[in-house]
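One file, my_file_4.cif, carrying mmCIF, C-alpha atoms, pLDDT in the B column; chains and numbers go by the auth columns:
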data_data
loop_
_atom_site.group_PDB
_atom_site.id
_atom_site.type_symbol
_atom_site.label_atom_id
_atom_site.label_comp_id
_atom_site.label_asym_id
_atom_site.label_seq_id
_atom_site.Cartn_x
_atom_site.Cartn_y
_atom_site.Cartn_z
_atom_site.B_iso_or_equiv
_atom_site.auth_seq_id
_atom_site.auth_asym_id
ATOM 1 C CA MET A 1 30.712 -3.877 9.110 79.00 1 H
ATOM 2 C CA LEU A 2 27.781 -4.669 6.848 84.00 2 H
ATOM 3 C CA ASP A 3 28.211 -7.714 4.628 90.00 3 H
ATOM 4 C CA PHE A 4 25.958 -7.101 1.640 90.00 4 H
ATOM 5 C CA TYR A 5 27.113 -10.273 -0.122 90.00 5 H
ATOM 6 C CA ALA A 6 26.324 -12.622 2.802 90.00 6 H
ATOM 7 C CA GLY A 7 23.105 -10.641 3.032 92.00 7 H
ATOM 8 C CA GLU A 8 21.571 -7.739 4.902 94.00 8 H
ATOM 9 C CA VAL A 9 17.967 -6.864 5.701 96.00 9 H
ATOM 10 C CA LEU A 10 17.584 -3.089 5.393 96.00 10 H
ATOM 11 C CA LEU A 11 14.623 -1.120 6.736 97.00 11 H
ATOM 12 C CA ILE A 12 14.028 1.882 4.488 97.00 12 H
ATOM 13 C CA ASN A 13 11.673 4.791 5.093 97.00 13 H
ATOM 14 C CA LYS A 14 10.496 5.258 1.489 97.00 14 H
ATOM 15 C CA PRO A 15 9.905 8.876 0.422 97.00 15 H
ATOM 16 C CA LYS A 16 6.802 9.941 -1.462 96.00 16 H
ATOM 17 C CA THR A 17 6.908 9.670 -5.296 95.00 17 H
ATOM 18 C CA TRP A 18 9.733 7.096 -5.207 96.00 18 H
ATOM 19 C CA THR A 19 8.767 3.650 -6.495 93.00 19 H
ATOM 20 C CA SER A 20 9.896 0.520 -4.676 94.00 20 H
ATOM 21 C CA PHE A 21 12.145 -0.231 -7.680 94.00 21 H
ATOM 22 C CA ASP A 22 13.707 3.245 -7.394 96.00 22 H
ATOM 23 C CA ILE A 23 14.848 2.340 -3.874 97.00 23 H
ATOM 24 C CA VAL A 24 16.179 -1.071 -4.952 96.00 24 H
ATOM 25 C CA ASN A 25 18.064 0.484 -7.863 96.00 25 H
ATOM 26 C CA LYS A 26 19.524 3.268 -5.691 96.00 26 H
ATOM 27 C CA ILE A 27 20.872 0.788 -3.128 95.00 27 H
ATOM 28 C CA ARG A 28 22.218 -1.503 -5.861 94.00 28 H
ATOM 29 C CA ILE A 29 24.153 1.437 -7.390 95.00 29 H
ATOM 30 C CA LEU A 30 25.506 2.605 -4.003 93.00 30 H
ATOM 31 C CA ILE A 31 26.792 -0.889 -3.174 92.00 31 H
ATOM 32 C CA ARG A 32 28.480 -1.157 -6.573 91.00 32 H
ATOM 33 C CA ILE A 33 30.125 2.263 -6.163 92.00 33 H
ATOM 34 C CA LYS A 34 31.312 1.572 -2.605 88.00 34 H
ATOM 35 C CA PHE A 35 32.455 -2.036 -2.946 85.00 35 H
ATOM 36 C CA GLY A 36 32.905 -2.518 -6.679 84.00 36 H
ATOM 37 C CA LYS A 37 30.534 -5.477 -6.652 80.00 37 H
ATOM 38 C CA LYS A 38 27.282 -6.121 -8.450 86.00 38 H
ATOM 39 C CA LEU A 39 24.968 -7.864 -5.974 90.00 39 H
ATOM 40 C CA LYS A 40 21.384 -9.023 -5.884 93.00 40 H
ATOM 41 C CA VAL A 41 19.043 -6.523 -4.244 96.00 41 H
ATOM 42 C CA GLY A 42 15.281 -6.888 -3.887 95.00 42 H
ATOM 43 C CA HIS A 43 12.330 -5.559 -1.906 95.00 43 H
ATOM 44 C CA ALA A 44 9.883 -7.610 0.146 93.00 44 H
ATOM 45 C CA GLY A 45 6.607 -6.022 -0.906 88.00 45 H
ATOM 46 C CA THR A 46 5.733 -3.077 -3.135 89.00 46 H
ATOM 47 C CA LEU A 47 4.792 0.266 -1.626 92.00 47 H
ATOM 48 C CA ASP A 48 2.875 2.614 -3.942 90.00 48 H
ATOM 49 C CA PRO A 49 4.762 5.705 -5.193 91.00 49 H
ATOM 50 C CA LEU A 50 2.419 8.073 -3.324 94.00 50 H
ATOM 51 C CA ALA A 51 2.782 6.101 -0.076 96.00 51 H
ATOM 52 C CA THR A 52 5.628 6.513 2.408 98.00 52 H
ATOM 53 C CA GLY A 53 7.062 4.369 5.165 98.00 53 H
ATOM 54 C CA LEU A 54 8.600 0.983 5.737 98.00 54 H
ATOM 55 C CA LEU A 55 10.098 -0.926 2.831 97.00 55 H
ATOM 56 C CA ILE A 56 12.161 -4.056 3.546 97.00 56 H
ATOM 57 C CA ILE A 57 15.184 -4.423 1.255 97.00 57 H
ATOM 58 C CA CYS A 58 17.233 -7.631 1.105 96.00 58 H
ATOM 59 C CA THR A 59 20.728 -7.938 -0.353 95.00 59 H
ATOM 60 C CA GLY A 60 22.933 -10.822 -1.424 94.00 60 H
ATOM 61 C CA LYS A 61 21.995 -14.230 -0.032 94.00 61 H
ATOM 62 C CA LYS A 62 19.212 -12.705 2.079 95.00 62 H
ATOM 63 C CA THR A 63 17.202 -12.160 -1.118 95.00 63 H
ATOM 64 C CA LYS A 64 16.279 -15.848 -0.793 94.00 64 H
ATOM 65 C CA GLN A 65 14.212 -14.863 2.276 93.00 65 H
ATOM 66 C CA ILE A 66 12.141 -12.216 0.494 95.00 66 H
ATOM 67 C CA GLU A 67 9.091 -14.452 0.183 93.00 67 H
ATOM 68 C CA LYS A 68 9.078 -14.976 3.964 93.00 68 H
ATOM 69 C CA TYR A 69 8.919 -11.240 4.584 95.00 69 H
ATOM 70 C CA GLN A 70 6.291 -10.723 1.879 94.00 70 H
ATOM 71 C CA GLY A 71 3.879 -12.965 3.766 93.00 71 H
ATOM 72 C CA LEU A 72 3.966 -10.925 6.984 96.00 72 H
ATOM 73 C CA ASP A 73 1.050 -8.762 8.166 97.00 73 H
ATOM 74 C CA LYS A 74 1.368 -5.040 7.524 97.00 74 H
ATOM 75 C CA GLU A 75 0.267 -1.980 9.501 98.00 75 H
ATOM 76 C CA TYR A 76 -0.656 1.326 7.874 98.00 76 H
ATOM 77 C CA ILE A 77 -1.827 4.794 8.846 98.00 77 H
ATOM 78 C CA ALA A 78 -4.327 5.879 6.210 98.00 78 H
ATOM 79 C CA THR A 79 -5.908 9.297 5.691 98.00 79 H
ATOM 80 C CA ILE A 80 -9.177 8.910 3.810 98.00 80 H
ATOM 81 C CA VAL A 81 -11.219 11.700 2.206 98.00 81 H
ATOM 82 C CA PHE A 82 -15.007 11.377 1.896 98.00 82 H
ATOM 83 C CA GLY A 83 -17.319 12.816 -0.734 97.00 83 H
ATOM 84 C CA ALA A 84 -15.557 11.829 -3.962 97.00 84 H
ATOM 85 C CA THR A 85 -13.866 8.922 -5.732 96.00 85 H
ATOM 86 C CA THR A 86 -10.917 8.609 -8.093 94.00 86 H
ATOM 87 C CA PRO A 87 -10.228 5.939 -10.759 90.00 87 H
ATOM 88 C CA SER A 88 -7.027 4.917 -8.941 91.00 88 H
ATOM 89 C CA PHE A 89 -8.686 5.096 -5.481 94.00 89 H
ATOM 90 C CA ASP A 90 -5.956 7.584 -4.455 94.00 90 H
ATOM 91 C CA LEU A 91 -4.505 10.877 -5.726 94.00 91 H
ATOM 92 C CA GLU A 92 -2.652 9.400 -8.686 90.00 92 H
ATOM 93 C CA THR A 93 -5.789 10.411 -10.616 90.00 93 H
ATOM 94 C CA GLU A 94 -8.093 13.390 -10.155 92.00 94 H
ATOM 95 C CA PRO A 95 -11.166 13.211 -7.848 92.00 95 H
ATOM 96 C CA GLN A 96 -14.474 12.820 -9.653 86.00 96 H
ATOM 97 C CA TYR A 97 -18.148 12.129 -8.901 83.00 97 H
ATOM 98 C CA GLY A 98 -19.287 14.133 -5.885 89.00 98 H
ATOM 99 C CA PHE A 99 -21.198 12.383 -3.105 95.00 99 H
ATOM 100 C CA GLU A 100 -23.195 13.529 -0.073 96.00 100 H
ATOM 101 C CA THR A 101 -21.266 13.530 3.224 97.00 101 H
ATOM 102 C CA LYS A 102 -23.482 15.392 5.716 96.00 102 H
ATOM 103 C CA HIS A 103 -24.827 12.115 7.098 97.00 103 H
ATOM 104 C CA ILE A 104 -21.352 10.772 7.993 97.00 104 H
ATOM 105 C CA THR A 105 -20.954 10.913 11.765 97.00 105 H
ATOM 106 C CA LYS A 106 -18.234 9.463 13.989 97.00 106 H
ATOM 107 C CA GLU A 107 -20.678 6.828 15.224 97.00 107 H
ATOM 108 C CA LEU A 108 -21.641 5.811 11.674 97.00 108 H
ATOM 109 C CA LEU A 109 -17.980 5.638 10.658 98.00 109 H
ATOM 110 C CA GLN A 110 -16.984 3.512 13.656 97.00 110 H
ATOM 111 C CA GLU A 111 -19.850 1.115 12.963 97.00 111 H
ATOM 112 C CA ALA A 112 -18.826 0.821 9.312 98.00 112 H
ATOM 113 C CA LEU A 113 -15.207 0.136 10.257 98.00 113 H
ATOM 114 C CA LYS A 114 -16.232 -2.742 12.535 97.00 114 H
ATOM 115 C CA GLY A 115 -17.832 -4.440 9.542 96.00 115 H
ATOM 116 C CA PHE A 116 -14.467 -4.703 7.779 97.00 116 H
ATOM 117 C CA ILE A 117 -12.776 -6.824 10.444 98.00 117 H
ATOM 118 C CA GLY A 118 -12.077 -10.392 9.312 97.00 118 H
ATOM 119 C CA LYS A 119 -11.577 -12.330 6.078 97.00 119 H
ATOM 120 C CA GLN A 120 -13.277 -10.934 3.001 96.00 120 H
ATOM 121 C CA GLN A 121 -13.190 -10.562 -0.764 95.00 121 H
ATOM 122 C CA GLN A 122 -11.455 -7.503 -2.185 93.00 122 H
ATOM 123 C CA LYS A 123 -11.043 -6.214 -5.717 86.00 123 H
ATOM 124 C CA PRO A 124 -7.583 -4.709 -6.364 83.00 124 H
ATOM 125 C CA PRO A 125 -7.446 -1.284 -8.044 79.00 125 H
ATOM 126 C CA ILE A 126 -6.974 -1.237 -11.802 65.00 126 H
ATOM 127 C CA PHE A 127 -4.078 1.176 -11.150 65.00 127 H
ATOM 128 C CA SER A 128 -2.000 -1.528 -9.453 61.00 128 H
ATOM 129 C CA ALA A 129 0.907 -3.870 -10.130 65.00 129 H
ATOM 130 C CA LYS A 130 -1.433 -6.864 -10.317 64.00 130 H
ATOM 131 C CA LYS A 131 -0.627 -8.827 -13.458 65.00 131 H
ATOM 132 C CA ILE A 132 -3.355 -9.574 -16.011 60.00 132 H
ATOM 133 C CA ASP A 133 -2.250 -11.856 -18.847 63.00 133 H
ATOM 134 C CA GLY A 134 1.372 -11.121 -17.943 63.00 134 H
ATOM 135 C CA GLN A 135 0.911 -7.336 -18.022 67.00 135 H
ATOM 136 C CA LYS A 136 0.815 -5.074 -14.966 69.00 136 H
ATOM 137 C CA ALA A 137 -2.716 -3.668 -14.645 61.00 137 H
ATOM 138 C CA TYR A 138 -1.655 -0.035 -14.228 61.00 138 H
ATOM 139 C CA ILE A 139 0.090 0.009 -17.620 63.00 139 H
ATOM 140 C CA ASN A 140 -3.153 -0.546 -19.518 58.00 140 H
ATOM 141 C CA ALA A 141 -5.158 1.542 -17.049 63.00 141 H
ATOM 142 C CA ARG A 142 -2.942 4.566 -17.709 67.00 142 H
ATOM 143 C CA LEU A 143 -3.475 4.049 -21.440 60.00 143 H
ATOM 144 C CA GLY A 144 -7.221 4.254 -20.896 65.00 144 H
ATOM 145 C CA LYS A 145 -7.786 0.610 -21.793 63.00 145 H
ATOM 146 C CA ASN A 146 -10.480 -1.509 -20.177 69.00 146 H
ATOM 147 C CA VAL A 147 -8.956 -3.386 -17.221 65.00 147 H
ATOM 148 C CA GLU A 148 -10.628 -5.985 -15.003 71.00 148 H
ATOM 149 C CA THR A 149 -8.790 -7.206 -11.887 72.00 149 H
ATOM 150 C CA ARG A 150 -9.630 -10.467 -10.155 77.00 150 H
ATOM 151 C CA ILE A 151 -11.166 -10.541 -6.688 85.00 151 H
ATOM 152 C CA VAL A 152 -8.845 -11.905 -3.989 88.00 152 H
ATOM 153 C CA GLU A 153 -9.340 -12.996 -0.391 95.00 153 H
ATOM 154 C CA ILE A 154 -7.726 -10.751 2.209 96.00 154 H
ATOM 155 C CA GLU A 155 -7.998 -10.281 5.956 97.00 155 H
ATOM 156 C CA ILE A 156 -8.265 -7.086 7.956 98.00 156 H
ATOM 157 C CA LYS A 157 -7.091 -7.864 11.491 98.00 157 H
ATOM 158 C CA GLU A 158 -7.231 -4.529 13.297 98.00 158 H
ATOM 159 C CA ILE A 159 -8.829 -1.142 12.658 98.00 159 H
ATOM 160 C CA GLU A 160 -8.500 1.908 14.882 98.00 160 H
ATOM 161 C CA LEU A 161 -9.993 5.333 14.235 98.00 161 H
ATOM 162 C CA LEU A 162 -7.220 7.786 15.165 98.00 162 H
ATOM 163 C CA GLU A 163 -8.519 11.206 14.118 97.00 163 H
ATOM 164 C CA THR A 164 -11.574 12.676 12.429 96.00 164 H
ATOM 165 C CA ASN A 165 -12.411 15.885 10.659 96.00 165 H
ATOM 166 C CA LEU A 166 -15.888 14.858 9.603 96.00 166 H
ATOM 167 C CA PRO A 167 -17.529 14.874 7.256 95.00 167 H
ATOM 168 C CA GLU A 168 -14.390 15.611 5.196 96.00 168 H
ATOM 169 C CA GLU A 169 -11.816 13.037 6.274 97.00 169 H
ATOM 170 C CA ALA A 170 -10.533 10.530 8.844 98.00 170 H
ATOM 171 C CA LYS A 171 -7.194 9.014 9.847 98.00 171 H
ATOM 172 C CA ILE A 172 -7.220 5.269 10.466 98.00 172 H
ATOM 173 C CA ARG A 173 -4.693 2.692 11.680 98.00 173 H
ATOM 174 C CA ILE A 174 -5.200 -0.657 9.964 98.00 174 H
ATOM 175 C CA VAL A 175 -3.448 -4.047 10.156 98.00 175 H
ATOM 176 C CA VAL A 176 -3.918 -6.335 7.164 98.00 176 H
ATOM 177 C CA SER A 177 -2.785 -9.566 5.549 96.00 177 H
ATOM 178 C CA LYS A 178 -0.589 -9.917 2.487 93.00 178 H
ATOM 179 C CA GLY A 179 -2.175 -8.663 -0.739 90.00 179 H
ATOM 180 C CA THR A 180 -4.524 -6.116 0.845 95.00 180 H
ATOM 181 C CA TYR A 181 -4.906 -2.788 -0.964 94.00 181 H
ATOM 182 C CA ILE A 182 -5.660 0.094 1.403 97.00 182 H
ATOM 183 C CA ARG A 183 -6.825 2.108 -1.619 95.00 183 H
ATOM 184 C CA SER A 184 -9.502 -0.507 -2.288 95.00 184 H
ATOM 185 C CA PHE A 185 -10.452 -0.443 1.390 97.00 185 H
ATOM 186 C CA ALA A 186 -10.904 3.341 1.189 97.00 186 H
ATOM 187 C CA ASN A 187 -13.135 3.014 -1.864 96.00 187 H
ATOM 188 C CA ASP A 188 -15.164 0.221 -0.233 97.00 188 H
ATOM 189 C CA LEU A 189 -15.527 2.273 2.965 98.00 189 H
ATOM 190 C CA GLY A 190 -17.024 5.127 0.958 97.00 190 H
ATOM 191 C CA GLU A 191 -19.592 2.753 -0.537 96.00 191 H
ATOM 192 C CA LYS A 192 -20.428 1.330 2.877 97.00 192 H
ATOM 193 C CA LEU A 193 -21.124 4.872 4.111 97.00 193 H
ATOM 194 C CA ASN A 194 -23.423 5.511 1.126 97.00 194 H
ATOM 195 C CA SER A 195 -20.951 8.065 -0.143 97.00 195 H
ATOM 196 C CA GLY A 196 -17.607 8.063 -1.922 97.00 196 H
ATOM 197 C CA ALA A 197 -14.040 8.003 -0.593 97.00 197 H
ATOM 198 C CA TYR A 198 -10.427 7.869 -1.710 97.00 198 H
ATOM 199 C CA LEU A 199 -7.008 7.502 -0.098 97.00 199 H
ATOM 200 C CA LYS A 200 -5.302 10.856 0.488 97.00 200 H
ATOM 201 C CA ASP A 201 -2.194 9.694 2.357 98.00 201 H
ATOM 202 C CA LEU A 202 -0.670 6.353 3.361 98.00 202 H
ATOM 203 C CA ILE A 203 2.195 5.468 5.689 98.00 203 H
ATOM 204 C CA ARG A 204 3.332 1.885 6.208 98.00 204 H
ATOM 205 C CA THR A 205 4.482 1.727 9.820 98.00 205 H
ATOM 206 C CA LYS A 206 5.076 -1.969 10.394 97.00 206 H
ATOM 207 C CA ILE A 207 5.745 -5.284 8.569 97.00 207 H
ATOM 208 C CA GLY A 208 5.565 -8.249 10.937 96.00 208 H
ATOM 209 C CA ASN A 209 7.787 -7.196 13.868 95.00 209 H
ATOM 210 C CA PHE A 210 9.776 -4.716 11.770 96.00 210 H
ATOM 211 C CA LYS A 211 8.864 -1.102 12.513 94.00 211 H
#

Kindly return the structure encoded in the file as C-alpha coordinates.
Amino acid sequence: MLDFYAGEVLLINKPKTWTSFDIVNKIRILIRIKFGKKLKVGHAGTLDPLATGLLIICTGKKTKQIEKYQGLDKEYIATIVFGATTPSFDLETEPQYGFETKHITKELLQEALKGFIGKQQQKPPIFSAKKIDGQKAYINARLGKNVETRIVEIEIKEIELLETNLPEEAKIRIVVSKGTYIRSFANDLGEKLNSGAYLKDLIRTKIGNFK
(Lines of atoms letter the chains of each structure in order from A and count residues from 1; the text may use other names and numbers.)
(Lines give C-alpha, C1' and ligand atoms only; values in the text may rest on other atoms or scores of the structure.)
Protein backbone atom coordinates (compact mmCIF):
# COMPACT_ATOMS: atom_id res chain seq x y z
CA MET A 1 0.00 0.00 0.00
CA LEU A 2 1.41 3.38 -0.98
CA ASP A 3 1.85 5.85 1.87
CA PHE A 4 1.66 9.27 0.25
CA TYR A 5 1.89 11.07 3.60
CA ALA A 6 5.11 9.33 4.73
CA GLY A 7 6.26 10.00 1.18
CA GLU A 8 6.49 8.32 -2.19
CA VAL A 9 8.80 8.89 -5.15
CA LEU A 10 6.75 8.47 -8.33
CA LEU A 11 8.25 8.05 -11.80
CA ILE A 12 5.90 9.61 -14.34
CA ASN A 13 6.10 9.39 -18.12
CA LYS A 14 4.98 12.95 -18.91
CA PRO A 15 2.82 13.33 -22.03
CA LYS A 16 3.45 16.03 -24.61
CA THR A 17 1.78 19.44 -24.01
CA TRP A 18 1.38 18.78 -20.27
CA THR A 19 3.42 21.09 -18.04
CA SER A 20 5.29 19.71 -15.03
CA PHE A 21 2.82 21.62 -12.82
CA ASP A 22 -0.11 19.96 -14.63
CA ILE A 23 1.25 16.58 -13.51
CA VAL A 24 1.81 17.75 -9.92
CA ASN A 25 -1.69 19.21 -9.75
CA LYS A 26 -3.29 16.07 -11.24
CA ILE A 27 -1.61 13.81 -8.67
CA ARG A 28 -2.45 16.19 -5.82
CA ILE A 29 -6.16 16.09 -6.83
CA LEU A 30 -6.19 12.28 -7.20
CA ILE A 31 -4.68 11.81 -3.73
CA ARG A 32 -7.23 14.19 -2.21
CA ILE A 33 -10.12 12.39 -3.93
CA LYS A 34 -8.90 8.91 -2.96
CA PHE A 35 -7.76 9.55 0.61
CA GLY A 36 -9.50 12.78 1.58
CA LYS A 37 -6.18 14.38 2.46
CA LYS A 38 -4.42 17.44 1.13
CA LEU A 39 -0.72 16.59 0.88
CA LYS A 40 2.42 18.23 -0.40
CA VAL A 41 3.32 17.17 -3.94
CA GLY A 42 6.25 18.47 -5.98
CA HIS A 43 8.40 17.63 -8.99
CA ALA A 44 12.18 17.27 -9.04
CA GLY A 45 13.00 19.18 -12.20
CA THR A 46 10.88 20.85 -14.87
CA LEU A 47 10.29 19.15 -18.20
CA ASP A 48 9.19 21.46 -21.03
CA PRO A 49 5.56 21.11 -22.21
CA LEU A 50 6.64 19.88 -25.66
CA ALA A 51 9.02 17.30 -24.15
CA THR A 52 7.99 13.85 -22.95
CA GLY A 53 9.51 11.30 -20.61
CA LEU A 54 10.67 10.92 -17.05
CA LEU A 55 9.42 13.31 -14.39
CA ILE A 56 10.14 12.54 -10.73
CA ILE A 57 7.25 13.41 -8.40
CA CYS A 58 7.64 13.43 -4.61
CA THR A 59 4.78 13.36 -2.12
CA GLY A 60 4.44 14.05 1.59
CA LYS A 61 7.68 13.96 3.59
CA LYS A 62 9.65 12.89 0.51
CA THR A 63 9.24 16.42 -0.88
CA LYS A 64 12.14 17.33 1.43
CA GLN A 65 14.38 15.24 -0.86
CA ILE A 66 13.45 17.07 -4.06
CA GLU A 67 16.66 19.09 -4.14
CA LYS A 68 18.70 15.86 -4.05
CA TYR A 69 16.94 14.55 -7.14
CA GLN A 70 17.19 17.90 -8.92
CA GLY A 71 20.98 17.71 -8.79
CA LEU A 72 21.22 14.37 -10.61
CA ASP A 73 22.50 14.03 -14.19
CA LYS A 74 19.85 13.64 -16.87
CA GLU A 75 19.75 11.65 -20.12
CA TYR A 76 17.73 12.73 -23.15
CA ILE A 77 16.98 11.57 -26.68
CA ALA A 78 16.85 14.69 -28.84
CA THR A 79 15.72 15.03 -32.46
CA ILE A 80 17.30 18.11 -33.99
CA VAL A 81 16.35 19.74 -37.30
CA PHE A 82 18.96 21.63 -39.34
CA GLY A 83 18.50 24.58 -41.66
CA ALA A 84 16.39 26.94 -39.54
CA THR A 85 16.10 28.47 -36.08
CA THR A 86 13.20 29.42 -33.83
CA PRO A 87 13.05 32.10 -31.09
CA SER A 88 12.29 29.41 -28.48
CA PHE A 89 14.90 26.99 -29.92
CA ASP A 90 12.09 24.41 -30.30
CA LEU A 91 8.63 24.21 -31.90
CA GLU A 92 6.87 26.40 -29.36
CA THR A 93 7.53 29.16 -31.91
CA GLU A 94 7.60 29.03 -35.70
CA PRO A 95 10.84 28.28 -37.63
CA GLN A 96 12.48 31.32 -39.19
CA TYR A 97 15.72 32.30 -40.95
CA GLY A 98 16.72 29.65 -43.48
CA PHE A 99 20.30 28.36 -43.50
CA GLU A 100 22.38 26.24 -45.87
CA THR A 101 22.58 22.53 -44.96
CA LYS A 102 24.16 20.81 -47.99
CA HIS A 103 27.58 20.87 -46.34
CA ILE A 104 26.41 18.96 -43.24
CA THR A 105 27.78 15.43 -43.42
CA LYS A 106 27.79 12.67 -40.80
CA GLU A 107 31.52 13.17 -40.32
CA LEU A 108 31.14 16.93 -39.81
CA LEU A 109 28.29 16.37 -37.36
CA GLN A 110 30.20 13.79 -35.32
CA GLU A 111 33.21 16.11 -35.13
CA ALA A 112 31.01 18.99 -33.97
CA LEU A 113 29.38 16.83 -31.30
CA LYS A 114 32.77 15.87 -29.85
CA GLY A 115 33.46 19.55 -29.24
CA PHE A 116 30.52 19.80 -26.83
CA ILE A 117 31.81 17.22 -24.35
CA GLY A 118 32.87 18.74 -21.02
CA LYS A 119 32.16 21.83 -18.92
CA GLN A 120 31.11 24.94 -20.80
CA GLN A 121 29.11 28.15 -20.73
CA GLN A 122 25.53 28.02 -21.96
CA LYS A 123 22.89 30.69 -22.43
CA PRO A 124 19.38 29.51 -21.45
CA PRO A 125 16.55 30.18 -23.93
CA ILE A 126 14.48 33.30 -23.36
CA PHE A 127 11.43 31.00 -23.55
CA SER A 128 12.35 29.26 -20.29
CA ALA A 129 11.41 29.19 -16.62
CA LYS A 130 14.64 30.98 -15.67
CA LYS A 131 13.78 33.87 -13.37
CA ILE A 132 14.89 37.41 -14.24
CA ASP A 133 14.15 39.98 -11.53
CA GLY A 134 11.68 37.54 -9.98
CA GLN A 135 9.79 36.95 -13.23
CA LYS A 136 9.95 33.78 -15.32
CA ALA A 137 11.69 34.62 -18.61
CA TYR A 138 9.07 33.01 -20.86
CA ILE A 139 6.31 35.29 -19.55
CA ASN A 140 7.96 38.42 -20.94
CA ALA A 141 9.25 36.58 -24.01
CA ARG A 142 5.71 35.59 -24.98
CA LEU A 143 4.66 39.22 -24.59
CA GLY A 144 7.33 40.22 -27.09
CA LYS A 145 9.40 42.06 -24.49
CA ASN A 146 13.18 42.20 -24.60
CA VAL A 147 14.58 39.38 -22.43
CA GLU A 148 18.22 38.69 -21.59
CA THR A 149 19.10 35.45 -19.77
CA ARG A 150 22.34 34.99 -17.85
CA ILE A 151 25.01 32.56 -19.02
CA VAL A 152 25.46 29.53 -16.75
CA GLU A 153 28.07 26.79 -16.49
CA ILE A 154 26.87 23.33 -17.49
CA GLU A 155 28.50 20.02 -18.34
CA ILE A 156 27.76 17.64 -21.18
CA LYS A 157 29.03 14.21 -20.14
CA GLU A 158 28.04 11.92 -23.00
CA ILE A 159 26.89 12.38 -26.59
CA GLU A 160 25.93 9.60 -28.98
CA LEU A 161 24.68 10.02 -32.54
CA LEU A 162 21.81 7.51 -32.85
CA GLU A 163 20.25 8.21 -36.25
CA THR A 164 20.71 10.62 -39.13
CA ASN A 165 18.62 11.81 -42.03
CA LEU A 166 21.09 14.39 -43.25
CA PRO A 167 21.12 17.14 -44.07
CA GLU A 168 17.62 17.51 -42.57
CA GLU A 169 17.85 16.08 -39.06
CA ALA A 170 19.59 13.85 -36.51
CA LYS A 171 18.66 11.94 -33.36
CA ILE A 172 21.11 12.23 -30.48
CA ARG A 173 21.43 10.71 -27.01
CA ILE A 174 22.91 13.18 -24.54
CA VAL A 175 23.76 13.05 -20.81
CA VAL A 176 24.02 16.40 -19.05
CA SER A 177 24.37 18.09 -15.68
CA LYS A 178 21.68 19.99 -13.81
CA GLY A 179 20.56 23.21 -15.50
CA THR A 180 21.41 22.20 -19.07
CA TYR A 181 18.93 23.21 -21.78
CA ILE A 182 18.87 20.78 -24.70
CA ARG A 183 17.12 23.48 -26.75
CA SER A 184 20.14 25.75 -26.27
CA PHE A 185 22.43 22.86 -27.20
CA ALA A 186 20.47 22.38 -30.44
CA ASN A 187 20.77 26.07 -31.30
CA ASP A 188 24.50 26.08 -30.47
CA LEU A 189 25.03 22.93 -32.57
CA GLY A 190 23.49 24.68 -35.57
CA GLU A 191 25.91 27.58 -35.14
CA LYS A 192 28.86 25.22 -34.82
CA LEU A 193 27.86 23.62 -38.13
CA ASN A 194 27.69 27.06 -39.79
CA SER A 195 23.96 26.60 -40.19
CA GLY A 196 20.88 26.81 -38.00
CA ALA A 197 19.10 24.20 -35.88
CA TYR A 198 16.22 23.74 -33.48
CA LEU A 199 14.85 21.00 -31.23
CA LYS A 200 12.03 19.04 -32.88
CA ASP A 201 11.44 16.37 -30.22
CA LEU A 202 12.79 15.61 -26.75
CA ILE A 203 12.42 12.58 -24.49
CA ARG A 204 13.94 12.45 -21.02
CA THR A 205 14.91 8.82 -20.49
CA LYS A 206 16.89 8.90 -17.27
CA ILE A 207 17.50 10.98 -14.09
CA GLY A 208 20.41 9.62 -12.06
CA ASN A 209 19.64 5.89 -11.78
CA PHE A 210 15.91 6.38 -12.34
CA LYS A 211 14.79 5.28 -15.81

>> Please enumerate the residues selected by the PyMOL selection byres ((chain H and resi 22) around 12) when evaluated against the supplied file, formatted as a ChimeraX atom specification.
In response: /H:12,14-21,23-29,41-43,46-49,55,57

How close does each residue of segment 51-139 of chain H get to segment 178-199 of chain H, giving the shortest atom pair and distance in Å to one decimal for every residue with an atom at most 8 Å away, counting only C-alpha atoms, sorted by chain and residue number, as CSV?
residue,atom,partner,partner_atom,distance
H:Gln70,CA,H:Lys178,CA,7.0
H:Gly71,CA,H:Lys178,CA,5.6
H:Leu72,CA,H:Lys178,CA,6.5
H:Asp73,CA,H:Lys178,CA,6.0
H:Lys74,CA,H:Lys178,CA,7.3
H:Ala78,CA,H:Leu199,CA,7.0
H:Thr79,CA,H:Leu199,CA,6.2
H:Ile80,CA,H:Leu199,CA,4.7
H:Val81,CA,H:Ala197,CA,5.4
H:Phe82,CA,H:Ala197,CA,4.3
H:Gly83,CA,H:Gly196,CA,4.9
H:Ala84,CA,H:Gly196,CA,4.7
H:Thr85,CA,H:Ala197,CA,5.2
H:Thr86,CA,H:Tyr198,CA,6.4
H:Ser88,CA,H:Arg183,CA,7.8
H:Phe89,CA,H:Tyr198,CA,5.0
H:Asp90,CA,H:Leu199,CA,4.5
H:Leu91,CA,H:Leu199,CA,7.0
H:Gly98,CA,H:Gly196,CA,7.4
H:Phe99,CA,H:Ser195,CA,5.2
H:Glu100,CA,H:Ser195,CA,5.9
H:Thr101,CA,H:Ser195,CA,6.4
H:Ile104,CA,H:Leu193,CA,7.1
H:Leu108,CA,H:Leu193,CA,7.6
H:Leu109,CA,H:Leu193,CA,7.3
H:Ala112,CA,H:Lys192,CA,6.7
H:Leu113,CA,H:Leu189,CA,7.6
H:Gln122,CA,H:Ser184,CA,7.3
H:Lys123,CA,H:Ser184,CA,6.8
H:Pro124,CA,H:Ser184,CA,6.2
H:Pro125,CA,H:Ser184,CA,6.2

> How many Å separate atom CA of Lys206 of chain H from atom CA of Leu166 of chain H?
Replying inline: 26.9 Å

> How many Å separate atom CA of Gly118 of chain H from atom CA of Lys200 of chain H?
Replying inline: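 Atom-to-atom, atom CA of Gly118 of chain H to atom CA of Lys200 of chain H, that is 24.0 Å.
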
> Of the candidates H:Ala44, H:Ile31, H:Val176, H:Ala6, which one gets nearest to Gly60 of chain H if we count all atoms listed in the file?
Replying inline: H:Ala6
